[in-house]
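**Q** Before we start, here is the structure in question, set down as structure tokens.
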Amino acid sequence: MELPDKVINYKIYLDGKTFLGVGNITLPTFSAISDTVKGAGLLGEFETPVIGQFSSTTITIEWTGVSEHYFQFIEPRGYHIDLFSANQIYNTSNSQLEVVPLQYSFVGIPKNVELGKLEVASAMGSNTEFEVVRFLARDGDLTVLELDKPNFKFVVNGKDILTDVRNALN
């Protein structure tokens, strides 16, 4: 059995090739759009999610400082950002610590760009908040999560969740 342990390190790239800098990432929260089911024949009420529909989804990058690449995020357009992560696991079958790669990619449109503060011998605390229109998480060759709002795609652990919805709309 492999027990997830921690993130060893990661790097942040624009378009998979331009190193953007050093920072901390707050990955998105996926909140399904839901509605209340209530009425005759039910004991009370409950909410059900709408398959594949999610509220606004954001990612925030808190940068330790700004570089030449930081200021481009003031331009309101989509940016493709890749996060390459080396994660540590504990393998219970051989009692070894091992490294597994995880990759997160997203296309986001900047919503907030905070330049931070200037303070002697301190990180600037600059941050960029992106509205996520496409998110992809890969564990090796397996797509563990893909949400592509404009292209009507929602995949979890390699399974296309919206197949029946697309077929119904055919």
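Quick note on naming: the chains in the structure tokens go A, B, ... in the order shown, residues restart at 1 in each chain, and ligands are numbered from 1 in order of appearance.
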Using only C-alpha atoms, determine which residues lie at most 10 Å from Gly16 in chain A, disregarding the query and same-chain residues fewer than 4 positions distant; provide the list as a PDB file with N, CA and C atoms, in the first residue's frame.
**A**
```pdb
ATOM      1  N   ILE A  12       6.604  26.087 -10.823  1.00  0.00           N
ATOM      2  CA  ILE A  12       5.484  26.745 -11.495  1.00  0.00           C
ATOM      3  C   ILE A  12       5.963  27.256 -12.856  1.00  0.00           C
ATOM      4  N   HIS A  80      -2.055  29.565 -19.432  1.00  0.00           N
ATOM      5  CA  HIS A  80      -1.884  28.129 -19.177  1.00  0.00           C
ATOM      6  C   HIS A  80      -0.714  27.967 -18.213  1.00  0.00           C
ATOM      7  N   ILE A  81      -1.009  27.510 -17.006  1.00  0.00           N
ATOM      8  CA  ILE A  81       0.008  27.369 -15.965  1.00  0.00           C
ATOM      9  C   ILE A  81       0.120  25.903 -15.562  1.00  0.00           C
ATOM     10  N   ASP A  82       1.357  25.439 -15.459  1.00  0.00           N
ATOM     11  CA  ASP A  82       1.642  24.057 -15.079  1.00  0.00           C
ATOM     12  C   ASP A  82       2.373  24.030 -13.743  1.00  0.00           C
ATOM     13  N   LEU A  83       1.977  23.093 -12.906  1.00  0.00           N
ATOM     14  CA  LEU A  83       2.619  22.867 -11.618  1.00  0.00           C
ATOM     15  C   LEU A  83       3.150  21.436 -11.625  1.00  0.00           C
ATOM     16  N   PHE A  84       4.464  21.281 -11.605  1.00  0.00           N
ATOM     17  CA  PHE A  84       5.087  19.963 -11.582  1.00  0.00           C
ATOM     18  C   PHE A  84       5.526  19.680 -10.153  1.00  0.00           C
ATOM     19  N   SER A 105      -2.345  21.255 -14.039  1.00  0.00           N
ATOM     20  CA  SER A 105      -2.323  22.269 -15.082  1.00  0.00           C
ATOM     21  C   SER A 105      -3.662  22.981 -15.056  1.00  0.00           C
TER      22      SER A 105
END
```
**Q** Which residue is closest to Asn157 in chain A? Choose from A:Asn170, A:Ser56, A:Ala86, A:Leu136 and count only C-alpha atoms.
**A** A:Leu136
**Q** Check the smallest atom-to-atom distance from each of A:Gly116, A:Gly23, A:Pro4, A:Pro110 to Phe73 in chain A using only C-alpha atoms, then report the winner.
**A**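 For Phe73 in chain A, the nearest of the candidates is A:Pro110.
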**Q** Give me, as a PyMOL selection string, the residues of chain A that a backbone DSSP run labels strand (DSSP E or B).
**A** chain A and resi 2-14+18-21+23-26+32-38+45-54+58-63+79-91+96-114+126-139+142-148+153-156+159-160
**Q** With only C-alpha atoms as the basis for distance, which of A:Val7, A:Leu14, A:Ala32, A:Ile51 is at the shortest distance from Arg166 in chain A?
**A**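 Closest residue, counting only C-alpha atoms: A:Ile51.
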**Q** Figure out the distance between CA of Val155 in chain A and CA of Asp5 in chain A, please, to one decimal in Å.
**A**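 Computing the Euclidean distance for CA of Asp5 in chain A and CA of Val155 in chain A yields 25.0 Å.
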**Q** Applying 6 Å and only C-alpha atoms, which residues near Ser85 in chain A remain after dropping the ones on its own chain fewer than 4 positions away? List them as a PyMOL selection string.
**A** chain A and resi 9-10+101-103
**Q** Taking only C-alpha atoms into account, which of A:Asp164, A:Asp139, A:Glu98, A:Asp148 comes nearest Lys6 in chain A?
**A**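 The answer is A:Glu98, which sits nearest to Lys6 in chain A.
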**Q** Using DSSP on the backbone, list every residue of range 14-142 of chain A that comes out as helix (DSSP H, G or I), and give them as a list in words.
**A**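 Reading the DSSP output for range 14-142 of chain A, helix (DSSP H, G or I) covers Tyr70, Phe71, Gln72, Phe73 and Ile74 of chain A.
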**Q** Might you pull out every residue within 10 Å of Glu129 in chain A, with only C-alpha atoms counted and same-chain residues fewer than 3 positions away left off, and present them as a ChimeraX atom specification?
**A** /A:25-26,58-62,73,108-114,132
**Q** Distance CA of Ser126 in chain A-CA of Thr64 in chain A, one decimal place?
**A** 6.6 Å
**Q** Select, from A:Ser55, A:Ser95, A:Leu20, A:Asn87, the residue with the minimum atom-to-atom distance to Ile33 in chain A, counting only C-alpha atoms.
**A**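 Looking only at the distances to Ile33 in chain A, the closest residue turns out to be A:Ser55.
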**Q** Just the number, please: distance in Å from CA of Met124 in chain A to CA of Ser67 in chain A, one decimal.
**A**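 CA of Met124 in chain A sits 11.2 Å away from CA of Ser67 in chain A.
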**Q** Contacts of Phe154 in chain A at 12 Å or less, counting only C-alpha atoms, minus same-chain residues fewer than 4 places along, as a list of chain:residue names?
**A**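 Contacts, in chain order: A:Phe30, A:Ile51, A:Gly52, A:Gln53, A:Phe54, A:Val133, A:Arg134, A:Phe135, A:Leu136, A:Ala137, A:Thr143, A:Val144, A:Leu145, A:Glu146, A:Leu147, A:Asp148, A:Lys149, A:Pro150, A:Gly158, A:Lys159, A:Asp160, A:Ile161, A:Leu162, A:Thr163, A:Asp164, A:Val165, A:Arg166.
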